[in-house]
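Peer 1: As input, take input_24.json (JSON, C-alpha atoms and all ligand atoms):
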[["chain", "number", "residue", "atom", "x", "y", "z"],
["A", 25, "MET", "CA", -5.93, -18.72, 5.24],
["A", 26, "LYS", "CA", -7.31, -15.39, 3.99],
["A", 27, "ASP", "CA", -11.00, -15.79, 3.24],
["A", 28, "ILE", "CA", -13.77, -14.18, 1.18],
["A", 29, "VAL", "CA", -15.39, -11.78, 3.65],
["A", 30, "GLU", "CA", -18.85, -11.95, 1.98],
["A", 31, "ASN", "CA", -19.00, -15.73, 2.58],
["A", 32, "ARG", "CA", -18.87, -15.30, 6.36],
["A", 33, "GLN", "CA", -22.64, -14.65, 6.40],
["A", 34, "ARG", "CA", -23.13, -18.36, 5.70],
["A", 35, "ILE", "CA", -22.37, -19.21, 9.36],
["A", 36, "SER", "CA", -24.70, -17.93, 12.10],
["A", 37, "LEU", "CA", -23.39, -15.84, 15.02],
["A", 38, "GLY", "CA", -24.06, -18.67, 17.52],
["A", 39, "LYS", "CA", -22.01, -21.13, 15.45],
["A", 40, "LYS", "CA", -19.25, -18.52, 15.03],
["A", 41, "VAL", "CA", -18.95, -18.34, 18.86],
["A", 42, "LYS", "CA", -18.62, -22.15, 18.96],
["A", 43, "ILE", "CA", -15.95, -22.04, 16.25],
["A", 44, "ALA", "CA", -14.06, -19.32, 18.18],
["A", 45, "LEU", "CA", -14.10, -21.43, 21.38],
["A", 46, "LEU", "CA", -12.86, -24.50, 19.50],
["A", 47, "ALA", "CA", -10.17, -22.37, 17.82],
["A", 48, "LEU", "CA", -9.09, -21.14, 21.27],
["A", 49, "ARG", "CA", -8.84, -24.72, 22.63],
["A", 50, "GLU", "CA", -6.93, -25.98, 19.60],
["A", 51, "ASN", "CA", -4.68, -22.98, 18.84],
["A", 52, "GLY", "CA", -4.22, -21.01, 22.08],
["A", 53, "ILE", "CA", -4.93, -17.41, 23.07],
["A", 54, "VAL", "CA", -2.39, -15.50, 20.93],
["A", 55, "TRP", "CA", -3.43, -17.21, 17.67],
["A", 56, "THR", "CA", -7.13, -16.74, 18.43],
["A", 57, "VAL", "CA", -6.70, -13.02, 19.26],
["A", 58, "CYS", "CA", -4.86, -12.59, 15.94],
["A", 59, "LEU", "CA", -7.77, -14.37, 14.20],
["A", 60, "ALA", "CA", -10.28, -12.01, 15.86],
["A", 61, "VAL", "CA", -8.24, -8.95, 14.83],
["A", 62, "TYR", "CA", -7.99, -10.27, 11.27],
["A", 63, "TYR", "CA", -11.74, -10.96, 11.09],
["A", 64, "ALA", "CA", -12.74, -7.56, 12.49],
["A", 65, "CYS", "CA", -10.27, -5.50, 10.42],
["A", 66, "SER", "CA", -10.98, -7.30, 7.14],
["A", 67, "ALA", "CA", -14.75, -6.91, 7.66],
["A", 68, "ILE", "CA", -14.33, -3.16, 8.29],
["A", 69, "ALA", "CA", -11.95, -2.81, 5.31],
["A", 70, "THR", "CA", -14.38, -4.57, 2.98],
["A", 71, "LYS", "CA", -17.25, -2.29, 4.06],
["A", 72, "ALA", "CA", -15.05, 0.81, 3.72],
["A", 73, "PHE", "CA", -14.01, -0.23, 0.20],
["A", 74, "ALA", "CA", -17.64, -0.80, -0.85],
["A", 75, "ARG", "CA", -18.53, 2.67, 0.49],
["A", 76, "MET", "CA", -15.59, 4.31, -1.33],
["A", 77, "ASP", "CA", -16.63, 2.57, -4.56],
["A", 78, "ALA", "CA", -20.27, 3.69, -4.18],
["A", 79, "LEU", "CA", -19.26, 7.31, -3.42],
["A", 80, "ARG", "CA", -16.87, 7.39, -6.35],
["A", 81, "ARG", "CA", -19.64, 6.27, -8.72],
["A", 82, "LYS", "CA", -22.37, 8.48, -7.25],
["A", 83, "ASN", "CA", -20.32, 11.69, -7.07],
["A", 84, "GLN", "CA", -18.00, 10.87, -10.01],
["A", 85, "LEU", "CA", -14.93, 11.21, -7.80],
["A", 86, "PRO", "CA", -11.51, 10.51, -9.34],
["A", 87, "GLY", "CA", -10.54, 8.11, -6.53],
["A", 88, "LEU", "CA", -6.81, 7.39, -6.71],
["A", 89, "ASN", "CA", -6.79, 7.79, -10.49],
["A", 90, "SER", "CA", -6.59, 11.49, -11.42],
["A", 91, "ALA", "CA", -3.54, 12.58, -13.42],
["A", 92, "ALA", "CA", -2.25, 14.54, -10.39],
["A", 93, "MET", "CA", -2.67, 11.49, -8.13],
["A", 94, "ASN", "CA", -0.97, 9.16, -10.63],
["A", 95, "LYS", "CA", 1.94, 11.59, -10.86],
["A", 96, "LEU", "CA", 2.33, 11.76, -7.08],
["A", 97, "ILE", "CA", 2.01, 8.00, -6.54],
["A", 98, "TRP", "CA", 4.41, 6.96, -9.29],
["A", 99, "GLU", "CA", 6.98, 9.62, -8.43],
["A", 100, "SER", "CA", 6.91, 8.24, -4.86],
["A", 101, "TRP", "CA", 7.32, 4.59, -5.95],
["A", 102, "ASP", "CA", 10.60, 2.73, -5.32],
["A", 103, "TRP", "CA", 11.53, 1.55, -8.84],
["A", 104, "GLY", "CA", 14.35, -0.69, -7.57],
["A", 105, "ALA", "CA", 12.58, -3.86, -8.82],
["A", 106, "GLY", "CA", 12.08, -2.34, -12.31],
["A", 107, "GLY", "CA", 8.34, -3.15, -12.28],
["A", 108, "GLU", "CA", 8.94, -6.91, -11.87],
["A", 109, "GLU", "CA", 6.89, -6.76, -8.65],
["A", 110, "TRP", "CA", 3.85, -6.89, -10.97],
["A", 111, "SER", "CA", 4.98, -9.99, -12.90],
["A", 112, "PRO", "CA", 3.36, -12.99, -11.16],
["A", 113, "SER", "CA", 5.97, -15.39, -12.62],
["A", 114, "PRO", "CA", 8.75, -15.46, -15.24],
["A", 115, "GLU", "CA", 6.50, -17.77, -17.32],
["A", 116, "TRP", "CA", 3.68, -15.20, -17.28],
["A", 117, "LYS", "CA", 6.03, -12.40, -18.37],
["A", 118, "GLN", "CA", 7.46, -14.53, -21.17],
["A", 119, "SER", "CA", 3.93, -15.34, -22.36],
["A", 120, "VAL", "CA", 3.06, -11.62, -22.52],
["A", 121, "ILE", "CA", 6.17, -11.08, -24.63],
["A", 122, "ASP", "CA", 5.63, -14.10, -26.93],
["A", 123, "CYS", "CA", 1.84, -14.10, -27.27],
["A", 124, "VAL", "CA", 0.95, -10.40, -27.04],
["A", 125, "LEU", "CA", 3.91, -8.07, -27.53],
["A", 126, "LYS", "CA", 5.66, -9.90, -30.38],
["A", 127, "LYS", "CA", 2.34, -10.67, -32.05],
["A", 128, "HIS", "CA", 1.50, -6.98, -32.41],
["A", 129, "VAL", "CA", 4.80, -5.07, -32.41],
["A", 130, "ASN", "CA", 6.84, -5.74, -35.53],
["A", 131, "LYS", "CA", 10.58, -5.66, -36.12],
["A", 132, "GLY", "CA", 11.59, -2.23, -37.39],
["A", 133, "ASP", "CA", 8.52, -0.45, -35.95],
["A", 134, "ARG", "CA", 8.63, 3.07, -34.62],
["A", 135, "VAL", "CA", 7.22, 2.40, -31.16],
["A", 136, "LEU", "CA", 5.64, 4.63, -28.54],
["A", 137, "GLU", "CA", 5.35, 3.22, -25.02],
["A", 138, "ILE", "CA", 3.02, 5.02, -22.61],
["A", 139, "GLY", "CA", 4.02, 4.65, -18.95],
["A", 140, "PRO", "CA", 7.23, 2.60, -19.23],
["A", 141, "GLY", "CA", 7.73, 2.85, -15.45],
["A", 142, "GLY", "CA", 10.97, 1.02, -14.62],
["A", 143, "GLY", "CA", 11.24, -0.39, -18.16],
["A", 144, "ARG", "CA", 9.71, -3.85, -17.61],
["A", 145, "TRP", "CA", 8.57, -4.11, -21.26],
["A", 146, "THR", "CA", 10.87, -1.47, -22.75],
["A", 147, "GLU", "CA", 13.85, -3.82, -23.04],
["A", 148, "GLU", "CA", 11.88, -6.23, -25.23],
["A", 149, "LEU", "CA", 10.32, -3.39, -27.25],
["A", 150, "LEU", "CA", 13.78, -1.99, -27.91],
["A", 151, "ASN", "CA", 14.92, -5.34, -29.33],
["A", 152, "LEU", "CA", 12.23, -4.95, -32.00],
["A", 153, "ALA", "CA", 11.95, -1.22, -32.51],
["A", 154, "GLU", "CA", 13.76, 0.92, -35.02],
["A", 155, "SER", "CA", 13.16, 3.69, -32.51],
["A", 156, "LEU", "CA", 11.25, 4.00, -29.25],
["A", 157, "LYS", "CA", 9.71, 6.95, -27.45],
["A", 158, "GLY", "CA", 8.58, 6.48, -23.84],
["A", 159, "ALA", "CA", 6.07, 8.96, -22.36],
["A", 160, "ASP", "CA", 5.50, 8.82, -18.61],
["A", 161, "ILE", "CA", 3.71, 11.16, -16.22],
["A", 162, "SER", "CA", 6.38, 10.48, -13.60],
["A", 163, "ALA", "CA", 9.74, 12.25, -13.83],
["A", 164, "SER", "CA", 11.35, 9.52, -11.69],
["A", 165, "CYS", "CA", 10.28, 6.85, -14.23],
["A", 166, "VAL", "CA", 11.67, 8.90, -17.09],
["A", 167, "GLU", "CA", 14.98, 9.27, -15.21],
["A", 168, "ALA", "CA", 15.07, 5.53, -14.37],
["A", 169, "CYS", "CA", 14.50, 4.61, -18.04],
["A", 170, "GLN", "CA", 17.01, 7.20, -19.30],
["A", 171, "GLN", "CA", 19.64, 5.60, -17.03],
["A", 172, "ARG", "CA", 18.68, 1.97, -17.74],
["A", 173, "PHE", "CA", 18.59, 2.41, -21.53],
["A", 174, "ALA", "CA", 21.34, 5.03, -21.87],
["A", 175, "ASP", "CA", 23.31, 2.77, -24.23],
["A", 176, "ALA", "CA", 20.37, 1.82, -26.46],
["A", 177, "GLY", "CA", 20.89, 4.65, -28.94],
["A", 178, "ASN", "CA", 17.34, 4.41, -30.31],
["A", 179, "ALA", "CA", 15.34, 5.32, -27.19],
["A", 180, "GLU", "CA", 14.02, 8.67, -25.97],
["A", 181, "PHE", "CA", 11.95, 9.23, -22.81],
["A", 182, "PHE", "CA", 9.93, 12.29, -21.86],
["A", 183, "VAL", "CA", 7.66, 13.44, -19.06],
["A", 184, "SER", "CA", 4.06, 13.82, -20.21],
["A", 185, "SER", "CA", 1.06, 15.68, -18.84],
["A", 186, "GLY", "CA", -0.83, 12.41, -18.34],
["A", 187, "ARG", "CA", -3.32, 13.16, -21.13],
["A", 188, "ASP", "CA", -1.27, 13.96, -24.21],
["A", 189, "LEU", "CA", 1.72, 12.72, -26.22],
["A", 190, "GLU", "CA", 3.29, 16.08, -26.97],
["A", 191, "GLY", "CA", 6.76, 14.59, -27.54],
["A", 192, "ALA", "CA", 5.54, 12.49, -30.49],
["A", 193, "GLU", "CA", 5.01, 13.89, -33.99],
["A", 194, "ASP", "CA", 1.83, 13.49, -36.07],
["A", 195, "ASP", "CA", 1.55, 10.26, -38.14],
["A", 196, "SER", "CA", 4.91, 9.01, -36.86],
["A", 197, "ILE", "CA", 4.21, 5.81, -34.87],
["A", 198, "ASP", "CA", 3.72, 2.21, -36.09],
["A", 199, "SER", "CA", 2.84, 0.72, -32.71],
["A", 200, "LEU", "CA", 1.70, 1.97, -29.35],
["A", 201, "TRP", "CA", 2.26, -0.22, -26.29],
["A", 202, "SER", "CA", 1.01, 0.35, -22.77],
["A", 203, "PHE", "CA", 0.82, -2.28, -20.03],
["A", 204, "ASP", "CA", -0.36, -1.75, -16.43],
["A", 205, "VAL", "CA", -0.89, 1.96, -17.12],
["A", 206, "PHE", "CA", -4.42, 2.48, -18.48],
["A", 207, "VAL", "CA", -5.68, 0.31, -15.61],
["A", 208, "HIS", "CA", -5.00, 3.48, -13.54],
["A", 209, "ILE", "CA", -6.26, 6.16, -15.96],
["A", 210, "ASN", "CA", -9.79, 7.60, -15.64],
["A", 211, "LYS", "CA", -12.22, 8.32, -18.48],
["A", 212, "PRO", "CA", -11.43, 12.05, -19.10],
["A", 213, "GLU", "CA", -7.72, 11.31, -19.56],
["A", 214, "LEU", "CA", -8.48, 8.22, -21.70],
["A", 215, "GLU", "CA", -10.69, 10.38, -23.94],
["A", 216, "ALA", "CA", -7.87, 12.89, -24.36],
["A", 217, "TYR", "CA", -5.39, 10.08, -25.10],
["A", 218, "ALA", "CA", -7.69, 8.53, -27.74],
["A", 219, "GLY", "CA", -7.45, 11.76, -29.78],
["A", 220, "GLU", "CA", -3.67, 11.65, -29.37],
["A", 221, "PHE", "CA", -3.54, 8.02, -30.60],
["A", 222, "VAL", "CA", -5.27, 9.16, -33.79],
["A", 223, "ARG", "CA", -2.81, 12.03, -34.14],
["A", 224, "VAL", "CA", 0.46, 10.15, -33.60],
["A", 225, "LEU", "CA", -0.30, 6.79, -35.26],
["A", 226, "LYS", "CA", 0.47, 6.28, -38.94],
["A", 227, "SER", "CA", -2.43, 5.03, -41.02],
["A", 228, "GLY", "CA", -2.60, 1.26, -40.31],
["A", 229, "GLY", "CA", -0.65, 1.79, -37.07],
["A", 230, "LYS", "CA", -1.63, -0.36, -34.12],
["A", 231, "GLY", "CA", -2.21, 0.17, -30.39],
["A", 232, "VAL", "CA", -2.06, -2.42, -27.61],
["A", 233, "LEU", "CA", -3.53, -1.27, -24.30],
["A", 234, "HIS", "CA", -3.85, -3.21, -21.05],
["A", 235, "HIS", "CA", -6.76, -1.83, -18.99],
["A", 236, "GLY", "CA", -9.49, -2.54, -16.45],
["A", 237, "THR", "CA", -12.96, -3.76, -17.38],
["A", 238, "VAL", "CA", -15.20, -3.22, -14.34],
["A", 239, "GLY", "CA", -14.68, 0.43, -13.40],
["A", 240, "GLY", "CA", -12.61, -0.32, -10.30],
["A", 241, "GLU", "CA", -15.15, -2.38, -8.35],
["A", 242, "LYS", "CA", -12.70, -5.26, -7.83],
["A", 243, "GLY", "CA", -10.00, -3.01, -6.33],
["A", 244, "GLY", "CA", -6.38, -2.93, -7.48],
["A", 245, "TRP", "CA", -6.42, 0.91, -7.75],
["A", 246, "ARG", "CA", -8.25, 0.42, -11.04],
["A", 247, "SER", "CA", -9.76, 3.47, -12.76],
["A", 248, "ASN", "CA", -13.44, 4.11, -13.53],
["A", 249, "VAL", "CA", -13.05, 2.75, -17.10],
["A", 250, "THR", "CA", -15.09, -0.33, -18.07],
["A", 251, "ILE", "CA", -14.51, -2.47, -21.15],
["A", 252, "GLU", "CA", -17.57, -0.82, -22.75],
["A", 253, "ASP", "CA", -16.06, 2.63, -22.08],
["A", 254, "MET", "CA", -12.77, 1.56, -23.68],
["A", 255, "THR", "CA", -14.51, 0.32, -26.84],
["A", 256, "ARG", "CA", -16.75, 3.39, -27.10],
["A", 257, "ILE", "CA", -13.99, 5.95, -26.48],
["A", 258, "LEU", "CA", -11.60, 4.41, -29.03],
["A", 259, "THR", "CA", -14.38, 3.96, -31.60],
["A", 260, "ASP", "CA", -15.70, 7.52, -31.11],
["A", 261, "ALA", "CA", -12.18, 8.82, -31.73],
["A", 262, "GLY", "CA", -12.22, 7.02, -35.11],
["A", 263, "LEU", "CA", -10.05, 4.01, -34.18],
["A", 264, "GLU", "CA", -11.00, 0.43, -35.04],
["A", 265, "VAL", "CA", -11.04, -2.07, -32.18],
["A", 266, "LYS", "CA", -9.65, -5.36, -33.52],
["A", 267, "GLU", "CA", -9.40, -7.62, -30.45],
["A", 268, "GLN", "CA", -10.22, -7.64, -26.74],
["A", 269, "PHE", "CA", -9.17, -10.51, -24.51],
["A", 270, "GLN", "CA", -8.60, -11.32, -20.85],
["A", 271, "THR", "CA", -6.65, -14.58, -21.27],
["A", 272, "TRP", "CA", -4.41, -16.25, -23.82],
["A", 273, "GLU", "CA", -2.70, -19.61, -24.28],
["A", 274, "ASP", "CA", 0.98, -20.15, -25.00],
["A", 275, "ASP", "CA", 2.21, -22.77, -27.49],
["A", 276, "LYS", "CA", 2.17, -25.45, -24.74],
["A", 277, "GLY", "CA", -1.53, -24.79, -24.09],
["A", 278, "THR", "CA", -0.98, -23.02, -20.72],
["A", 279, "GLU", "CA", -3.54, -20.30, -20.08],
["A", 280, "PHE", "CA", -2.45, -16.89, -18.71],
["A", 281, "GLU", "CA", -4.48, -13.92, -17.45],
["A", 282, "ALA", "CA", -4.08, -10.24, -18.31],
["A", 283, "GLY", "CA", -4.30, -9.27, -14.63],
["A", 284, "LEU", "CA", -5.62, -9.94, -11.16],
["A", 285, "TYR", "CA", -8.64, -7.63, -11.35],
["A", 286, "GLN", "CA", -10.48, -8.81, -14.48],
["A", 287, "ASP", "CA", -8.15, -6.74, -16.65],
["A", 288, "ALA", "CA", -8.17, -6.99, -20.44],
["A", 289, "ILE", "CA", -6.04, -6.10, -23.43],
["A", 290, "THR", "CA", -7.49, -4.14, -26.35],
["A", 291, "VAL", "CA", -5.82, -4.06, -29.75],
["A", 292, "PHE", "CA", -6.88, -1.27, -32.13],
["A", 293, "VAL", "CA", -5.76, 0.23, -35.42],
["A", 294, "LYS", "CA", -5.90, 3.63, -37.06],
["A", 295, "LYS", "CA", -7.74, 3.13, -40.34],
["B", 1, "LIG", "C1", 1.98, 0.21, -12.51],
["B", 1, "LIG", "S1", 3.17, 1.21, -13.30],
["B", 1, "LIG", "C2", 3.54, 0.21, -14.73],
["B", 1, "LIG", "C3", 4.86, 0.52, -15.33],
["B", 1, "LIG", "C4", 5.23, -0.35, -16.54],
["B", 1, "LIG", "N1", 4.36, -0.10, -17.68],
["B", 1, "LIG", "C5", 5.18, -1.81, -16.17],
["B", 1, "LIG", "O1", 4.30, -2.53, -16.67],
["B", 1, "LIG", "O2", 6.02, -2.23, -15.37],
["B", 1, "LIG", "C6", 2.20, 2.54, -13.94],
["B", 1, "LIG", "C7", 2.98, 3.49, -14.83],
["B", 1, "LIG", "O3", 2.07, 4.34, -15.51],
["B", 1, "LIG", "C8", 2.51, 5.69, -15.42],
["B", 1, "LIG", "N2", 1.33, 6.55, -15.56],
["B", 1, "LIG", "C9", 0.28, 6.64, -14.72],
["B", 1, "LIG", "N3", -0.64, 7.50, -15.21],
["B", 1, "LIG", "C10", -0.15, 7.94, -16.39],
["B", 1, "LIG", "C11", -0.65, 8.83, -17.37],
["B", 1, "LIG", "N4", -1.83, 9.44, -17.22],
["B", 1, "LIG", "N5", 0.10, 9.05, -18.47],
["B", 1, "LIG", "C12", 1.32, 8.46, -18.62],
["B", 1, "LIG", "N6", 1.84, 7.60, -17.71],
["B", 1, "LIG", "C13", 1.11, 7.35, -16.62],
["B", 1, "LIG", "C14", 3.19, 5.73, -14.07],
["B", 1, "LIG", "O4", 4.05, 6.83, -13.91],
["B", 1, "LIG", "C15", 3.92, 4.39, -14.06],
["B", 1, "LIG", "O5", 5.13, 4.46, -14.75]]
If you took the structure in this file and wrote it as C-alpha cells, what would it be?
Ligand SMILES: C[S@@+](CC[C@H](N)C(=O)[O-])C[C@H]1O[C@@H](n2cnc3c(N)ncnc32)[C@H](O)[C@@H]1O

Peer 2:
Amino acid sequence: MKDIVENRQRISLGKKVKIALLALRENGIVWTVCLAVYYACSAIATKAFARMDALRRKNQLPGLNSAAMNKLIWESWDWGAGGEEWSPSPEWKQSVIDCVLKKHVNKGDRVLEIGPGGGRWTEELLNLAESLKGADISASCVEACQQRFADAGNAEFFVSSGRDLEGAEDDSIDSLWSFDVFVHINKPELEAYAGEFVRVLKSGGKGVLHHGTVGGEKGGWRSNVTIEDMTRILTDAGLEVKEQFQTWEDDKGTEFEAGLYQDAITVFVKK
C-alpha cells in the first residue's frame, strides 16, 4: 500500500481529485481521511529528507552519524532482540555466516569485532576464533556482550572512542569483522579507523566491513561515506582492497543483499 512518493507526479491534480472521490465512495470517510493524512505526511517527510540530505552535503554536517551521536543512539537502544531486528530472515542471516563470515574468518584466528552491539555475529565468530576482542562505542553494548558471552572464556569486550582500537595491540589480529556499523560512521572516523586497521592487523591479516555506498542519500541513517570513499581511504592507509560486493548467492543459487540501502561489503588485507 505504501507508494513511491516521487511517482505521484505522474497523475494530474484533477485526476487525483477524481480518484479521491472514487476512494471515498468505495472505502468510506474514515479510510479516505487516513489516505489523505498518509499522502500529505509522506510528501512532507520526503521533502524534509531531501532538504536534510542537501544541507548535510552543502555544509558538511555530521547528520546522525558523529561519534557522539552514535554513542548516544546506541546507548539508548533496547538490545533485548540482540540485533536480530536487522536480520530480514533466518535464511539471510545464515547466508551471511556461510558465504561471507566463514569465507573470510578462519578457524583459530585472533578476531577483532568492531561494534558487536547485542552480539548478533559474535556467537558465530567465537565458534571460529582462538580469541575475540569486541570494541564498541556504546557501554550498554559492551555490558550486553560481557553478560551474553560470560562463559566463552576467549572473549573480551571494551568501550572504544569511536575512532580508535586502543584495546588491541599492534600486529595482533588475523581478522577484523564489522557488520551494520560502518554504515553509520562518517568519513573522519573512518579515516582514523583505517590507520588503526593497519596498526592492529598482522601482515596478511584481513578485514571485512559492511558499509554504505551512496553517502546516505537513500536514508537508513547511513553515513556520508560512498563506496569510492571507502576504497580511497583504505588504499591511502596502505591496505589492499580485495573484493567489494552488494549481493551474493548461496549454494542453492539464492541471491541475498548486503542491506536495504544499497549497502556493500568490502574485504581488504594488510600487505
Ligand atoms: C546497528 S548496530 C549493529 C550491531 C551489530 N554489529 C549487529 O550487526 O547486530 C550498530 C553498532 O555499532 C556501534 N557503533 C556505532 N558507531 C561506532 C563507532 N564509531 N565505533 C565503534 N562502534 C560503533 C553501536 O554502538 C552498535 O553496537

Peer 1: Which residue, A:Gly142, A:Gly243, A:Leu150, A:Val129, has the smallest gap to Glu109 in chain A when you use all atoms listed in the file?

Peer 2: A:Gly142

Peer 1: Produce a table with one row for each residue of range 169-278 of chain A that has an atom at most 12 Å from any atom of range 62-73 of chain A, each row naming the nearest atom pair and its distance in Å at one decimal; use all atoms listed in the file; arrange rows by chain and rising residue number; format as JSON lines.

Peer 2:
{"residue": "A:Gly240", "atom": "CA", "partner": "A:Phe73", "partner_atom": "CA", "distance": 10.6}
{"residue": "A:Glu241", "atom": "CA", "partner": "A:Phe73", "partner_atom": "CA", "distance": 8.9}
{"residue": "A:Lys242", "atom": "CA", "partner": "A:Phe73", "partner_atom": "CA", "distance": 9.6}
{"residue": "A:Gly243", "atom": "CA", "partner": "A:Phe73", "partner_atom": "CA", "distance": 8.2}
{"residue": "A:Gly244", "atom": "CA", "partner": "A:Phe73", "partner_atom": "CA", "distance": 11.2}
{"residue": "A:Trp245", "atom": "CA", "partner": "A:Phe73", "partner_atom": "CA", "distance": 11.1}

Peer 1: At most 10 Å from (-0.6, 3.2, -24.9), file frame, all atoms listed in the file: which residues, as a PDB file with C-alpha atoms, in the coordinates of the input?

Peer 2:
ATOM      1  CA  LEU A 136       5.640   4.630 -28.540  1.00  0.00           C
ATOM      2  CA  GLU A 137       5.350   3.220 -25.020  1.00  0.00           C
ATOM      3  CA  ILE A 138       3.020   5.020 -22.610  1.00  0.00           C
ATOM      4  CA  GLY A 139       4.020   4.650 -18.950  1.00  0.00           C
ATOM      5  CA  PRO A 140       7.230   2.600 -19.230  1.00  0.00           C
ATOM      6  CA  GLY A 158       8.580   6.480 -23.840  1.00  0.00           C
ATOM      7  CA  ALA A 159       6.070   8.960 -22.360  1.00  0.00           C
ATOM      8  CA  LEU A 189       1.720  12.720 -26.220  1.00  0.00           C
ATOM      9  CA  SER A 199       2.840   0.720 -32.710  1.00  0.00           C
ATOM     10  CA  LEU A 200       1.700   1.970 -29.350  1.00  0.00           C
ATOM     11  CA  TRP A 201       2.260  -0.220 -26.290  1.00  0.00           C
ATOM     12  CA  SER A 202       1.010   0.350 -22.770  1.00  0.00           C
ATOM     13  CA  PHE A 203       0.820  -2.280 -20.030  1.00  0.00           C
ATOM     14  CA  ASP A 204      -0.360  -1.750 -16.430  1.00  0.00           C
ATOM     15  CA  VAL A 205      -0.890   1.960 -17.120  1.00  0.00           C
ATOM     16  CA  PHE A 206      -4.420   2.480 -18.480  1.00  0.00           C
ATOM     17  CA  LEU A 214      -8.480   8.220 -21.700  1.00  0.00           C
ATOM     18  CA  TYR A 217      -5.390  10.080 -25.100  1.00  0.00           C
ATOM     19  CA  ALA A 218      -7.690   8.530 -27.740  1.00  0.00           C
ATOM     20  CA  PHE A 221      -3.540   8.020 -30.600  1.00  0.00           C
ATOM     21  CA  LYS A 230      -1.630  -0.360 -34.120  1.00  0.00           C
ATOM     22  CA  GLY A 231      -2.210   0.170 -30.390  1.00  0.00           C
ATOM     23  CA  VAL A 232      -2.060  -2.420 -27.610  1.00  0.00           C
ATOM     24  CA  LEU A 233      -3.530  -1.270 -24.300  1.00  0.00           C
ATOM     25  CA  HIS A 234      -3.850  -3.210 -21.050  1.00  0.00           C
ATOM     26  CA  HIS A 235      -6.760  -1.830 -18.990  1.00  0.00           C
TER      27      HIS A 235
END

Peer 1: CA of Glu154 in chain A and CA of Gly132 in chain A are how many Å apart?

Peer 2: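 For CA of Glu154 in chain A relative to CA of Gly132 in chain A, the distance reads 4.5 Å.
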
Peer 1: Could you list, as a PyMOL selection string, all protein and nucleic acid residues with an atom at most 7 Å from ligand LIG 1 (chain B), counting only C-alpha atoms and all ligand atoms?

Peer 2: chain A and resi 91+94-95+98-99+106-108+110+138-145+159-162+165+184-187+202-205+208-209+213

Peer 1: Which residue gives the smallest distance to Ala282 in chain A among A:Gly229, A:Gly236, A:Leu45, A:Ala78, with only C-alpha atoms counted?

Peer 2: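 Among the listed residues, the smallest separation from Ala282 in chain A belongs to A:Gly236.
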
Peer 1: Name all residues at most 10 Å from Asn130 in chain A (count all atoms listed in the file; drop same-chain ones fewer than 5 positions away) and give them as number ranges by chain.

Peer 2: A: 125, 135, 149, 152-154, 198-199

Peer 1: How far is it from CA of Ser36 in chain A to CA of Leu59 in chain A, in Å with one decimal?

Peer 2: 17.4 Å

Peer 1: Between A:Val238, A:Ala105, A:Cys123, A:Ala192, which residue has the minimum interatomic distance to Glu279 in chain A, considering all atoms listed in the file?

Peer 2: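 Closest candidate: A:Cys123.
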
Peer 1: Taking 5 positions as the minimum chain separation for residues in the same chain, which residues sit within 7 Å of Asn248 in chain A when counting all atoms listed in the file? Answer as a list in words.

Peer 2: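 Surrounding residues, per the criterion: Asn210, Lys211, Gly239 and Gly240 of chain A.
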
Peer 1: Compile the contact shell of Lys266 in chain A as a list in words: residues with an atom at most 9 Å away, counting only C-alpha atoms, same-chain residues fewer than 6 positions apart removed.

Peer 2: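 Counting only C-alpha atoms, the residues come to Thr290, Val291, Phe292 and Val293 of chain A.
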
Peer 1: Work out how far apart CA of Gln286 in chain A and CA of Ile257 in chain A are and give it in Å to one decimal.

Peer 2: 19.3 Å

Peer 1: From the set A:Ala163, A:Val249, A:Val57, A:Leu37, which residue has the shortest atom-to-atom contact distance to Gln84 in chain A, counting all atoms listed in the file?

Peer 2: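 Comparing A:Ala163, A:Val249, A:Val57, A:Leu37 against Gln84 in chain A, the winner is A:Val249.
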
Peer 1: Calculated over only C-alpha atoms, which of the candidates A:Asp133, A:Glu147, A:Glu30, A:Asp188 has the smallest distance to Cys169 in chain A?

Peer 2: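 Nearest to Cys169 in chain A: A:Glu147.
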
Peer 1: Would you list the residues near (17.3, 10.6, -31.8), meaning any protein, DNA or RNA residue with an atom at most 10 Å from that point in file coordinates, counting only C-alpha atoms, as a list in words?

Peer 2: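 All residues meeting the 10 Å criterion around (17.3, 10.6, -31.8) are Ser155, Leu156, Lys157, Gly177, Asn178, Ala179 and Glu180 of chain A.
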